[in-house]
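File shown: target.cif (mmCIF, C-alpha atoms).
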```cif
data_coords
#
loop_
_atom_site.label_atom_id
_atom_site.label_comp_id
_atom_site.auth_asym_id
_atom_site.auth_seq_id
_atom_site.Cartn_x
_atom_site.Cartn_y
_atom_site.Cartn_z
CA MET Q 28 99.71 175.20 -158.35
CA PRO Q 29 95.91 175.50 -158.78
CA ALA Q 30 93.71 172.56 -157.82
CA ASN Q 31 93.27 170.06 -160.61
CA PRO Q 32 90.85 167.25 -159.62
CA CYS Q 33 91.25 165.67 -163.05
CA ARG Q 34 95.01 165.19 -162.71
CA ASP Q 35 94.56 164.08 -159.09
CA PHE Q 36 92.00 161.45 -160.12
CA PHE Q 37 94.18 159.99 -162.88
CA ALA Q 38 97.30 160.03 -160.67
CA LEU Q 39 95.40 158.18 -157.95
CA ASN Q 40 94.11 155.60 -160.45
CA ALA Q 41 97.30 155.14 -162.46
CA THR Q 42 97.30 151.36 -161.89
CA ASN Q 43 93.54 150.85 -161.62
CA ARG Q 44 92.39 148.77 -164.60
CA ASP Q 45 88.74 149.59 -163.91
CA PHE Q 46 89.04 153.29 -163.15
CA VAL Q 47 86.18 154.30 -165.45
CA LYS Q 48 83.68 152.95 -162.91
CA GLY Q 49 85.10 155.42 -160.38
CA LEU Q 50 85.05 158.22 -162.93
CA GLN Q 51 81.34 157.60 -163.52
CA LYS Q 52 80.71 158.18 -159.82
CA THR Q 53 82.27 161.64 -159.79
CA PRO Q 54 79.78 164.53 -159.98
CA ASN Q 55 80.67 165.94 -163.40
CA PRO Q 56 83.55 164.19 -165.18
CA VAL Q 57 82.77 165.95 -168.47
CA ALA Q 58 83.82 169.25 -166.88
CA TRP Q 59 87.31 167.79 -166.36
CA GLU Q 60 87.90 167.70 -170.11
CA THR Q 61 89.11 171.29 -169.91
CA LEU Q 62 91.76 170.31 -167.36
CA SER Q 63 94.92 168.39 -168.04
CA ALA Q 64 95.00 164.80 -166.79
CA SER Q 65 98.77 164.47 -166.91
CA ASP Q 66 101.87 166.58 -166.37
CA HIS Q 67 103.29 165.00 -169.55
CA SER Q 68 100.41 166.23 -171.69
CA PRO Q 69 100.70 169.00 -174.28
CA GLY Q 70 97.22 170.09 -173.15
CA PRO Q 71 93.58 168.93 -173.06
CA VAL Q 72 92.09 167.41 -176.22
CA GLN Q 73 90.84 170.29 -178.35
CA PRO Q 74 87.79 170.53 -180.65
CA GLY Q 75 88.62 169.29 -184.12
CA GLU Q 76 91.30 166.83 -183.04
CA LEU Q 77 91.55 163.43 -184.74
CA LEU Q 78 92.19 160.35 -182.62
CA TYR Q 79 93.49 156.93 -183.67
CA ARG Q 80 92.89 153.58 -182.01
CA GLN Q 81 95.03 150.52 -182.73
CA VAL Q 82 93.05 147.32 -183.43
CA MET Q 83 95.21 144.37 -182.42
CA HIS Q 84 92.99 141.32 -183.03
CA PRO Q 85 90.92 140.22 -186.07
CA ILE Q 86 88.05 139.13 -183.82
CA HIS Q 87 87.05 142.79 -183.57
CA VAL Q 88 86.61 143.19 -187.33
CA ASP Q 89 83.50 142.08 -189.23
CA VAL Q 90 84.99 140.50 -192.33
CA GLU Q 91 81.90 141.09 -194.48
CA THR Q 92 81.58 144.83 -193.94
CA ARG Q 93 85.22 145.53 -192.98
CA SER Q 94 83.91 147.44 -190.00
CA LEU Q 95 84.46 147.09 -186.26
CA LYS Q 96 82.21 145.00 -184.06
CA PRO Q 97 80.37 146.78 -181.22
CA THR Q 98 82.58 145.26 -178.52
CA ALA Q 99 85.81 146.52 -180.14
CA PHE Q 100 85.88 149.63 -177.96
CA ASP Q 101 84.63 148.14 -174.67
CA ASP Q 102 87.78 149.34 -172.91
CA ALA Q 103 86.03 152.72 -172.80
CA ALA Q 104 83.76 151.32 -170.07
CA ASN Q 105 86.45 149.96 -167.78
CA LYS Q 106 90.15 150.83 -168.24
CA GLY Q 107 89.71 153.63 -170.74
CA LEU Q 108 90.00 153.35 -174.52
CA SER Q 109 93.58 154.24 -175.40
CA VAL Q 110 93.90 156.48 -178.44
CA GLU Q 111 96.57 158.73 -179.87
CA ARG Q 112 96.20 162.33 -180.94
CA LEU Q 113 97.13 163.12 -184.51
CA SER Q 114 97.95 166.66 -183.40
CA HIS Q 115 100.95 165.31 -181.53
CA VAL Q 116 102.13 162.21 -183.42
CA ALA Q 117 102.23 161.13 -187.07
CA LEU Q 118 99.91 158.37 -188.30
CA ALA Q 119 102.89 156.34 -189.53
CA ASP Q 120 104.39 156.46 -186.03
CA ILE Q 121 101.08 155.29 -184.50
CA GLN Q 122 101.04 152.33 -186.88
CA GLN Q 123 104.69 151.48 -186.22
CA ALA Q 124 104.10 151.67 -182.46
CA GLY Q 125 101.25 149.17 -182.91
CA ARG Q 126 103.48 146.80 -184.85
CA ASP Q 127 106.19 147.11 -182.19
CA ARG Q 128 103.70 146.48 -179.39
CA ALA Q 129 102.39 143.37 -181.11
CA ALA Q 130 105.91 142.09 -181.70
CA ALA Q 131 106.73 142.56 -178.02
CA GLN Q 132 103.59 140.65 -177.00
CA ARG Q 133 104.31 137.82 -179.45
CA LYS Q 134 107.53 137.19 -177.55
CA LEU Q 135 105.49 136.48 -174.41
CA GLY Q 136 104.40 133.04 -175.61
CA VAL Q 137 102.17 130.84 -177.71
CA SER Q 138 98.92 132.43 -176.55
CA HIS Q 139 100.05 135.72 -178.09
CA ALA Q 140 101.31 134.19 -181.32
CA ASP Q 141 98.63 135.80 -183.50
CA ARG Q 142 99.01 139.29 -182.07
CA LYS Q 143 99.55 141.85 -184.79
CA LEU Q 144 98.36 145.28 -185.73
CA HIS Q 145 95.30 144.69 -187.90
CA ALA Q 146 94.10 148.23 -188.36
CA VAL Q 147 93.90 151.70 -186.92
CA ALA Q 148 90.51 153.34 -186.50
CA GLU Q 149 90.11 157.08 -187.02
CA LEU Q 150 87.78 158.97 -184.70
CA SER Q 151 86.90 162.63 -184.33
CA ALA Q 152 86.91 164.20 -180.87
CA ASP Q 153 83.94 166.35 -181.89
CA GLU Q 154 81.86 163.37 -182.96
CA ILE Q 155 82.69 161.43 -179.81
CA ARG Q 156 81.67 164.41 -177.70
CA ALA Q 157 78.39 164.66 -179.63
CA ILE Q 158 77.29 161.17 -178.58
CA LEU Q 159 74.34 161.37 -176.20
CA ASP Q 160 72.23 158.77 -174.46
CA GLU Q 161 68.43 158.79 -174.50
CA ASN Q 162 68.43 161.29 -171.61
CA GLN Q 163 70.64 163.69 -173.59
CA GLN Q 164 73.59 162.98 -171.31
CA ARG Q 165 77.10 162.91 -172.80
CA GLY Q 166 78.20 159.33 -173.42
CA PHE Q 167 81.97 159.84 -173.37
CA ALA Q 168 84.65 162.21 -172.16
CA ILE Q 169 88.18 162.40 -173.55
CA PHE Q 170 91.19 162.96 -171.31
CA ASP Q 171 94.79 163.78 -172.20
CA THR Q 172 96.38 160.87 -170.33
CA ALA Q 173 99.88 161.32 -171.72
CA ASN Q 174 102.83 159.55 -170.18
CA CYS Q 175 106.57 160.02 -170.27
CA GLU Q 176 106.88 157.71 -173.29
CA ASN Q 177 103.86 158.93 -175.22
CA ARG Q 178 102.77 162.54 -174.99
CA ALA Q 179 100.04 161.95 -177.61
CA HIS Q 180 98.18 159.38 -175.52
CA ALA Q 181 94.55 160.02 -174.53
CA ASP Q 182 91.71 157.97 -173.09
CA ILE Q 183 88.09 157.89 -174.17
CA CYS Q 184 85.99 157.08 -171.13
CA GLN Q 185 82.31 156.19 -170.93
CA VAL Q 186 80.69 158.54 -168.44
CA VAL Q 187 77.16 157.14 -168.41
CA SER Q 188 76.74 154.25 -166.02
CA THR Q 189 73.40 152.53 -166.59
CA ARG Q 190 73.37 149.37 -168.68
CA LYS Q 191 70.87 150.78 -171.18
CA SER Q 192 72.78 154.04 -171.66
CA GLY Q 193 76.01 152.12 -171.92
CA ARG Q 194 74.67 149.98 -174.75
CA SER Q 195 73.27 152.99 -176.55
CA VAL Q 196 76.46 155.01 -176.50
CA ARG Q 197 78.62 151.96 -177.25
CA SER Q 198 76.78 151.39 -180.51
CA GLN Q 199 77.10 155.06 -181.39
CA LEU Q 200 80.84 155.05 -180.67
CA ILE Q 201 81.41 152.30 -183.23
CA GLU Q 202 79.30 154.21 -185.75
CA ALA Q 203 81.52 157.23 -185.13
CA VAL Q 204 84.55 155.48 -186.64
CA ARG Q 205 85.38 157.62 -189.67
CA SER Q 206 87.67 155.13 -191.33
CA LEU Q 207 89.41 151.85 -190.63
CA ILE Q 208 92.91 151.78 -192.04
CA GLU Q 209 93.81 148.11 -192.36
CA GLU Q 210 97.37 146.81 -192.52
CA MET L 27 107.93 101.06 -217.80
CA MET L 28 104.84 102.89 -216.56
CA GLU L 29 102.19 103.85 -219.01
CA PRO L 30 101.82 107.63 -219.53
CA ILE L 31 98.97 109.18 -217.59
CA SER L 32 96.16 110.26 -219.85
CA ILE L 33 94.83 113.81 -219.97
CA SER L 34 91.49 112.66 -218.66
CA THR L 35 93.18 111.02 -215.66
CA LEU L 36 95.14 114.20 -214.97
CA ALA L 37 91.95 116.20 -215.16
CA LEU L 38 90.29 113.84 -212.71
CA ILE L 39 93.19 114.16 -210.24
CA ALA L 40 93.22 117.92 -210.61
CA GLY L 41 89.52 117.94 -209.87
CA PHE L 42 90.18 116.31 -206.54
CA MET L 43 93.10 118.63 -205.75
CA VAL L 44 91.37 121.98 -206.12
CA ALA L 45 89.94 123.62 -203.05
CA PRO L 46 86.21 123.33 -202.58
CA THR L 47 84.20 126.10 -204.18
CA PRO L 48 83.31 128.71 -201.58
CA THR L 49 79.74 128.30 -200.53
CA ARG L 50 77.48 131.27 -200.98
CA LEU L 51 76.25 132.16 -197.54
CA ARG L 52 72.57 131.96 -196.80
CA GLU L 53 71.18 135.25 -195.57
CA TRP L 54 68.25 133.85 -193.67
CA GLN L 55 67.74 131.21 -191.07
CA VAL L 56 65.60 128.47 -192.57
CA LYS L 57 65.63 125.80 -189.90
CA ALA L 58 66.45 125.31 -186.27
CA TYR L 59 70.16 125.29 -185.53
CA GLU L 60 71.86 122.12 -184.30
CA PRO L 61 75.25 122.70 -182.64
CA PRO L 62 78.14 121.12 -184.56
CA ALA L 63 79.91 118.19 -182.95
CA PRO L 64 83.54 118.88 -183.95
CA LYS L 65 85.59 121.49 -182.11
CA ILE L 66 88.49 123.07 -183.93
CA ALA L 67 91.78 124.22 -182.48
CA ALA L 68 92.31 127.91 -181.77
CA ALA L 69 93.05 129.59 -185.07
CA THR L 70 91.95 132.89 -186.45
CA ASP L 71 93.14 132.73 -190.05
CA TRP L 72 89.75 131.68 -191.34
CA LEU L 73 88.19 134.74 -189.74
CA ILE L 74 89.87 137.08 -192.18
CA ASN L 75 88.70 135.27 -195.32
CA PRO L 76 85.15 136.39 -196.02
CA ASN L 77 84.50 133.78 -198.69
CA VAL L 78 85.67 130.46 -197.38
CA ILE L 79 84.45 129.30 -193.99
CA THR L 80 85.94 125.84 -193.85
CA ALA L 81 88.29 125.26 -190.94
CA PRO L 82 92.00 125.42 -191.81
CA SER L 83 93.90 122.17 -192.26
CA GLN L 84 97.55 121.33 -191.74
CA ASP L 85 98.23 119.92 -195.16
CA MET L 86 96.56 118.46 -198.22
CA ALA L 87 96.64 114.89 -196.87
CA ALA L 88 94.84 115.99 -193.75
CA THR L 89 92.37 117.85 -195.92
CA PHE L 90 91.42 114.66 -197.72
CA ALA L 91 91.51 112.53 -194.60
CA ASN L 92 89.53 114.81 -192.33
CA GLN L 93 87.72 117.46 -194.36
CA MET L 94 85.77 119.81 -192.13
CA PRO L 95 82.25 120.44 -193.35
CA VAL L 96 81.55 123.56 -195.38
CA LEU L 97 79.34 125.55 -193.06
CA ASP L 98 76.28 127.61 -193.71
CA ARG L 99 75.98 130.97 -192.03
CA MET L 100 74.41 129.58 -188.88
CA GLY L 101 77.20 127.06 -188.54
CA ALA L 102 79.80 129.80 -189.05
CA ILE L 103 78.29 131.84 -186.20
CA ALA L 104 78.37 128.83 -183.90
CA LEU L 105 81.93 128.02 -184.95
CA GLU L 106 83.09 131.55 -184.19
CA MET L 107 81.45 131.30 -180.77
CA GLU L 108 83.33 128.08 -180.12
CA LEU L 109 86.54 129.74 -181.28
CA TYR L 110 86.00 132.36 -178.57
CA GLY L 111 86.00 129.55 -176.03
CA SER L 112 89.37 128.28 -177.22
CA LEU L 113 91.18 131.58 -176.68
CA ASP L 114 93.67 132.02 -173.88
CA ALA L 115 93.65 134.79 -171.29
CA GLY L 116 95.58 137.76 -172.64
CA TRP L 117 94.32 137.16 -176.21
CA ASP L 118 93.69 140.89 -176.68
CA GLY L 119 96.33 142.38 -174.44
CA PRO L 120 97.62 141.79 -170.93
CA ASP L 121 94.27 142.29 -169.15
CA SER L 122 91.98 140.58 -171.64
CA GLN L 123 89.84 137.70 -170.48
CA VAL L 124 88.15 134.71 -172.08
CA PRO L 125 84.39 134.09 -172.07
CA SER L 126 82.86 131.48 -169.80
CA GLN L 127 81.66 128.24 -171.39
CA GLU L 128 78.30 128.89 -169.74
CA ASN L 129 77.90 132.17 -171.62
CA ILE L 130 78.92 130.54 -174.91
CA GLN L 131 76.35 127.81 -174.43
CA ASP L 132 73.70 130.38 -173.52
CA ALA L 133 74.49 132.32 -176.70
CA LEU L 134 74.13 129.15 -178.78
CA THR L 135 70.84 128.42 -177.04
CA LEU L 136 69.55 131.89 -177.91
CA LEU L 137 70.73 131.47 -181.49
CA ALA L 138 68.56 128.38 -181.77
CA LYS L 139 65.55 130.32 -180.54
CA LEU L 140 65.66 133.06 -183.17
CA PRO L 141 62.61 132.94 -185.40
CA ALA L 142 62.80 131.99 -189.06
CA GLY L 143 62.76 135.04 -191.32
CA LEU L 144 64.86 137.12 -188.96
CA PRO L 145 68.23 138.26 -190.33
CA LEU L 146 70.98 136.28 -188.65
CA PRO L 147 73.11 138.12 -186.06
CA LYS L 148 76.87 138.30 -185.88
CA PRO L 149 78.85 137.19 -182.84
CA MET L 150 81.07 139.55 -180.86
CA LEU L 151 83.56 139.28 -178.01
CA SER L 152 84.99 142.02 -175.82
CA SER L 153 88.40 142.04 -174.21
CA THR L 154 86.63 141.58 -170.86
CA GLY L 155 85.35 138.20 -172.04
CA SER L 156 81.78 139.38 -172.59
CA ILE L 157 80.13 137.78 -175.59
CA GLY L 158 77.05 138.74 -177.52
CA LEU L 159 75.21 138.80 -180.80
CA TYR L 160 74.37 141.87 -182.86
CA TRP L 161 72.53 143.14 -185.90
CA ASP L 162 73.60 146.31 -187.69
CA THR L 163 71.35 147.14 -190.62
CA GLN L 164 70.68 150.43 -192.38
CA LYS L 165 67.61 151.01 -190.21
CA VAL L 166 68.28 149.27 -186.92
CA PHE L 167 71.05 148.43 -184.48
CA ALA L 168 70.33 145.63 -182.00
CA ASP L 169 72.50 143.59 -179.69
CA ILE L 170 72.25 140.81 -177.16
CA ALA L 171 74.69 140.66 -174.23
CA LEU L 172 75.13 137.51 -172.17
CA GLU L 173 75.16 138.71 -168.59
CA GLY L 174 76.00 135.42 -166.83
CA ASN L 175 73.89 133.28 -164.51
CA GLY L 176 71.73 132.23 -167.43
CA ARG L 177 70.57 135.75 -168.19
CA PHE L 178 70.88 138.21 -171.04
CA SER L 179 69.86 141.70 -172.12
CA LEU L 180 68.60 142.98 -175.46
CA PHE L 181 69.07 146.52 -176.78
CA THR L 182 67.56 147.98 -179.98
CA ARG L 183 67.89 151.42 -181.55
CA LEU L 184 66.29 152.80 -184.68
CA LYS L 185 68.82 154.75 -186.74
CA SER L 186 66.43 157.33 -188.11
CA GLY L 187 63.18 159.12 -187.22
CA ASP L 188 62.73 159.38 -183.48
CA ARG L 189 65.63 156.95 -182.94
CA THR L 190 63.55 154.93 -180.51
CA GLU L 191 65.48 152.70 -178.16
CA THR L 192 64.30 149.61 -176.28
CA PHE L 193 66.06 147.64 -173.58
CA ALA L 194 65.10 144.34 -171.99
CA ASP L 195 67.33 143.52 -169.04
CA ASP L 196 67.86 140.47 -166.87
CA VAL L 197 65.98 138.08 -169.16
CA LYS L 198 66.33 134.36 -168.45
CA VAL L 199 67.80 132.39 -171.35
CA GLY L 200 65.66 129.42 -170.39
CA GLY L 201 62.59 131.52 -169.83
CA ILE L 202 61.90 132.69 -173.37
CA GLU L 203 61.02 131.04 -176.65
CA THR L 204 61.01 132.00 -180.32
CA GLY L 205 57.90 134.15 -179.90
CA TRP L 206 59.71 136.43 -177.45
CA PHE L 207 62.30 137.33 -180.08
CA ALA L 208 59.66 137.71 -182.76
CA GLN L 209 58.01 140.33 -180.56
CA ASN L 210 61.09 142.11 -179.21
CA LEU L 211 63.02 142.11 -182.49
CA ALA L 212 60.05 142.91 -184.72
CA VAL L 213 61.91 146.01 -185.97
CA LEU L 214 64.38 143.71 -187.69
CA PHE L 215 61.87 141.89 -189.89
CA ASP L 216 61.66 144.74 -192.38
CA ALA L 217 65.09 146.26 -191.65
#
```

Starting from the file, lay out its structure as structure tokens.
Amino acid sequence: MPANPCRDFFALNATNRDFVKGLQKTPNPVAWETLSASDHSPGPVQPGELLYRQVMHPIHVDVETRSLKPTAFDDAANKGLSVERLSHVALADIQQAGRDRAAAQRKLGVSHADRKLHAVAELSADEIRAILDENQQRGFAIFDTANCENRAHADICQVVSTRKSGRSVRSQLIEAVRSLIEE
Amino acid sequence: MMEPISISTLALIAGFMVAPTPTRLREWQVKAYEPPAPKIAAATDWLINPNVITAPSQDMAATFANQMPVLDRMGAIALEMELYGSLDAGWDGPDSQVPSQENIQDALTLLAKLPAGLPLPKPMLSSTGSIGLYWDTQKVFADIALEGNGRFSLFTRLKSGDRTETFADDVKVGGIETGWFAQNLAVLFDA
């Protein structure tokens, strides 16, 4: 089997909830987008793919503009922003999975009582890959981090590491939301 | 036998029973902010109603007995910040964290230092427990992040033209006054 540093990295960091920091320290993580990150994956995320992110708490939604707040996608800077690929799962199934996940978390106790699927945000892989910081460096890379239960799973990871660049690309990522489909 | 209740009496009772008219939110800060004394229980229902920003009550009797004040926009921002502080760990998934009380207080302190005439920011909270304030207008994006240890950072980005960005890092909350914001957020005055 040919060497695949992308798959090796994600296998090594399978339980690391802050793996993006390590990814930012690798020489050229953007180049790994052409490699598969998981043996369960149907293949790397292709140009033109649409990605959907479940929004599970109303705190992330600005009620006046019905848009997401800038911190809604902060997972991209630490544990990876989980999204699902419309090429490999139907939107209705993504929404139902969100409802099921919320229901499972509500059973955990009072502190999770208000967990529910509030919306799904639609993003374009092309637009995410077009986000640049002030130094014209790519802000995010997308990896096909499928698992045995979800072959459509992917992670959007912030690949710039300075605080200023991070803030710049974070604001652009929120602006890249094409639509917010509320429940 | 009781006397029938007159129409005018019914109207008077009905007047007391209806919910308070939603207050039109003020768009601009007009005076220095004073933090509200009452702290409400963790509840997010009011967040999803864009018109009414009174705190929820258990029942009508409680509403009459202990009516929360109708808040202006500044009060609503402060109340949302305080709501962040009442969340439990795991509020946004298994790894999500709550903000520190120190960072909430620092955010409220910064809110009080914003100059009059500046559009008011909106509060935000990440699943890592980081809190901040942000502005998102047609011309400008700007945000403040509370970094801990009494410090914050400020980022601004023009949305058109040369898309100029600015970044002020490691600024002491206690080390700046209203004039600092007037200078560093000048792009927002005509945004």

With a cut-off of 8 Å, could you pull out the residues of chain Q touching chain L and give me the nearest pair of atoms for each, distance in Å to one decimal, using all atoms listed in the file, ordered by chain and ascending number, as a Markdown table?
```
| residue | atom | partner | partner_atom | distance |
| --- | --- | --- | --- | --- |
| Q:Met83 | CA | L:Asp118 | CA | 6.9 |
| Q:His84 | CA | L:Asp118 | CA | 6.4 |
| Q:Pro85 | CA | L:Ile74 | CA | 6.9 |
| Q:Ile86 | CA | L:Leu151 | CA | 7.3 |
| Q:His87 | CA | L:Met150 | CA | 7.3 |
| Q:Val90 | CA | L:Pro76 | CA | 5.5 |
| Q:Glu91 | CA | L:Pro76 | CA | 5.9 |
| Q:Lys96 | CA | L:Met150 | CA | 6.4 |
| Q:Pro97 | CA | L:Met150 | CA | 7.3 |
| Q:Thr98 | CA | L:Ser152 | CA | 4.9 |
| Q:Ala99 | CA | L:Ser152 | CA | 6.3 |
| Q:Phe100 | CA | L:Ser152 | CA | 8.0 |
| Q:Asp101 | CA | L:Ser152 | CA | 6.2 |
| Q:Asp102 | CA | L:Ser153 | CA | 7.4 |
| Q:Gln132 | CA | L:Gly119 | CA | 7.9 |
| Q:Ser138 | CA | L:Asp114 | CA | 5.9 |
| Q:His139 | CA | L:Trp117 | CA | 6.2 |
| Q:Asp141 | CA | L:Thr70 | CA | 7.9 |
| Q:Arg142 | CA | L:Asp118 | CA | 7.7 |
| Q:Glu161 | CA | L:Glu191 | CA | 7.7 |
| Q:Lys191 | CA | L:Phe193 | CA | 6.2 |
| Q:Arg194 | CA | L:Phe181 | CA | 6.9 |
| Q:Ser195 | CA | L:Arg183 | CA | 7.5 |
| Q:Ser198 | CA | L:Phe167 | CA | 7.6 |
```

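For the file at hand, the PyMOL selection byres ((chain Q and resi 170) around 8) resolves to Trp59, Glu60, Ser63, Ala64, Pro71, Val72, Ala168, Ile169, Asp171, Thr172, Ala181, Asp182, Ile183 and Cys184 of chain Q.
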
Can you tell me how far CA of Val147 in chain Q sits from CA of Gln81 in chain Q, in Å to one decimal? 4.5 Å

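The environment of Ser94 in chain Q within 10 Å, counting only C-alpha atoms and disregarding residues fewer than 5 places along the same chain, consists of His87, Val88, Asp89, Ala148, Ile201, Glu202, Val204, Ser206 and Leu207 of chain Q.
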
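Taken over the whole file, the PyMOL selection byres ((chain Q and resi 129) around 8) covers exactly Q:Met83, Q:Gly125, Q:Arg126, Q:Asp127, Q:Arg128, Q:Ala130, Q:Ala131, Q:Gln132, Q:Arg133, Q:Arg142, Q:Lys143, Q:Leu144.
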
Take the residues from that selection and put them in a file with C-alpha atoms, as a JSON list (two decimals), in the frame of the given file.
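Contents of result.json, freshly written:
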```
[["chain", "number", "residue", "atom", "x", "y", "z"],
["Q", 83, "MET", "CA", 95.21, 144.37, -182.42],
["Q", 125, "GLY", "CA", 101.25, 149.17, -182.91],
["Q", 126, "ARG", "CA", 103.48, 146.80, -184.85],
["Q", 127, "ASP", "CA", 106.19, 147.11, -182.19],
["Q", 128, "ARG", "CA", 103.70, 146.48, -179.39],
["Q", 130, "ALA", "CA", 105.91, 142.09, -181.70],
["Q", 131, "ALA", "CA", 106.73, 142.56, -178.02],
["Q", 132, "GLN", "CA", 103.59, 140.65, -177.00],
["Q", 133, "ARG", "CA", 104.31, 137.82, -179.45],
["Q", 142, "ARG", "CA", 99.01, 139.29, -182.07],
["Q", 143, "LYS", "CA", 99.55, 141.85, -184.79],
["Q", 144, "LEU", "CA", 98.36, 145.28, -185.73]]
```

Can you build me a table of range 103-169 of chain Q residues sitting at most 7 Å from range 185-188 of chain Q, with the closest atom pair per residue and its distance in Å to one decimal, using only C-alpha atoms, sorted by chain and residue number, as CSV?
```
residue,atom,partner,partner_atom,distance
Q:Ala103,CA,Q:Gln185,CA,5.4
Q:Ala104,CA,Q:Gln185,CA,5.2
Q:Gly166,CA,Q:Val187,CA,5.6
Q:Phe167,CA,Q:Gln185,CA,4.4
Q:Ala168,CA,Q:Val186,CA,6.6
```

All residues 6 Å or closer to range 110-118 of chain Q, only C-alpha atoms, same chain fewer than 4 positions away omitted, as a ChimeraX atom specification: /Q:77-80,179-182

Please return range 119-136 of chain Q, rebuilt to N, CA and C atoms, as an mmCIF file, in the frame of the given file.
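Resulting contents of part31.cif:
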```cif
data_model
loop_
_atom_site.group_PDB
_atom_site.id
_atom_site.type_symbol
_atom_site.label_atom_id
_atom_site.label_comp_id
_atom_site.auth_asym_id
_atom_site.auth_seq_id
_atom_site.Cartn_x
_atom_site.Cartn_y
_atom_site.Cartn_z
ATOM 1 N N ALA Q 119 101.923 157.423 -189.285
ATOM 2 C CA ALA Q 119 102.890 156.340 -189.530
ATOM 3 C C ALA Q 119 103.549 155.898 -188.226
ATOM 4 N N ASP Q 120 103.778 156.821 -187.313
ATOM 5 C CA ASP Q 120 104.390 156.460 -186.030
ATOM 6 C C ASP Q 120 103.398 155.690 -185.152
ATOM 7 N N ILE Q 121 102.107 156.039 -185.248
ATOM 8 C CA ILE Q 121 101.080 155.290 -184.500
ATOM 9 C C ILE Q 121 101.049 153.843 -184.996
ATOM 10 N N GLN Q 122 101.089 153.687 -186.323
ATOM 11 C CA GLN Q 122 101.040 152.330 -186.880
ATOM 12 C C GLN Q 122 102.294 151.546 -186.502
ATOM 13 N N GLN Q 123 103.452 152.190 -186.564
ATOM 14 C CA GLN Q 123 104.690 151.480 -186.220
ATOM 15 C C GLN Q 123 104.699 151.104 -184.739
ATOM 16 N N ALA Q 124 104.173 151.986 -183.896
ATOM 17 C CA ALA Q 124 104.100 151.670 -182.460
ATOM 18 C C ALA Q 124 103.217 150.451 -182.238
ATOM 19 N N GLY Q 125 102.128 150.341 -183.010
ATOM 20 C CA GLY Q 125 101.250 149.170 -182.910
ATOM 21 C C GLY Q 125 101.967 147.900 -183.322
ATOM 22 N N ARG Q 126 102.718 147.989 -184.404
ATOM 23 C CA ARG Q 126 103.480 146.800 -184.850
ATOM 24 C C ARG Q 126 104.511 146.405 -183.787
ATOM 25 N N ASP Q 127 105.176 147.398 -183.210
ATOM 26 C CA ASP Q 127 106.190 147.110 -182.190
ATOM 27 C C ASP Q 127 105.557 146.494 -180.952
ATOM 28 N N ARG Q 128 104.385 147.010 -180.579
ATOM 29 C CA ARG Q 128 103.700 146.480 -179.390
ATOM 30 C C ARG Q 128 103.292 145.028 -179.608
ATOM 31 N N ALA Q 129 102.785 144.748 -180.798
ATOM 32 C CA ALA Q 129 102.390 143.370 -181.110
ATOM 33 C C ALA Q 129 103.601 142.448 -181.100
ATOM 34 N N ALA Q 130 104.706 142.924 -181.663
ATOM 35 C CA ALA Q 130 105.910 142.090 -181.700
ATOM 36 C C ALA Q 130 106.391 141.793 -180.281
ATOM 37 N N ALA Q 131 106.312 142.771 -179.405
ATOM 38 C CA ALA Q 131 106.730 142.560 -178.020
ATOM 39 C C ALA Q 131 105.824 141.536 -177.341
ATOM 40 N N GLN Q 132 104.517 141.590 -177.640
ATOM 41 C CA GLN Q 132 103.590 140.650 -177.000
ATOM 42 C C GLN Q 132 103.744 139.240 -177.568
ATOM 43 N N ARG Q 133 104.102 139.156 -178.859
ATOM 44 C CA ARG Q 133 104.310 137.820 -179.450
ATOM 45 C C ARG Q 133 105.443 137.079 -178.756
ATOM 46 N N LYS Q 134 106.391 137.822 -178.224
ATOM 47 C CA LYS Q 134 107.530 137.190 -177.550
ATOM 48 C C LYS Q 134 107.124 136.591 -176.197
ATOM 49 N N LEU Q 135 105.914 136.947 -175.727
ATOM 50 C CA LEU Q 135 105.490 136.480 -174.410
ATOM 51 C C LEU Q 135 105.079 135.011 -174.415
ATOM 52 N N GLY Q 136 104.746 134.452 -175.592
ATOM 53 C CA GLY Q 136 104.400 133.040 -175.610
ATOM 54 C C GLY Q 136 103.393 132.677 -176.672
#
```
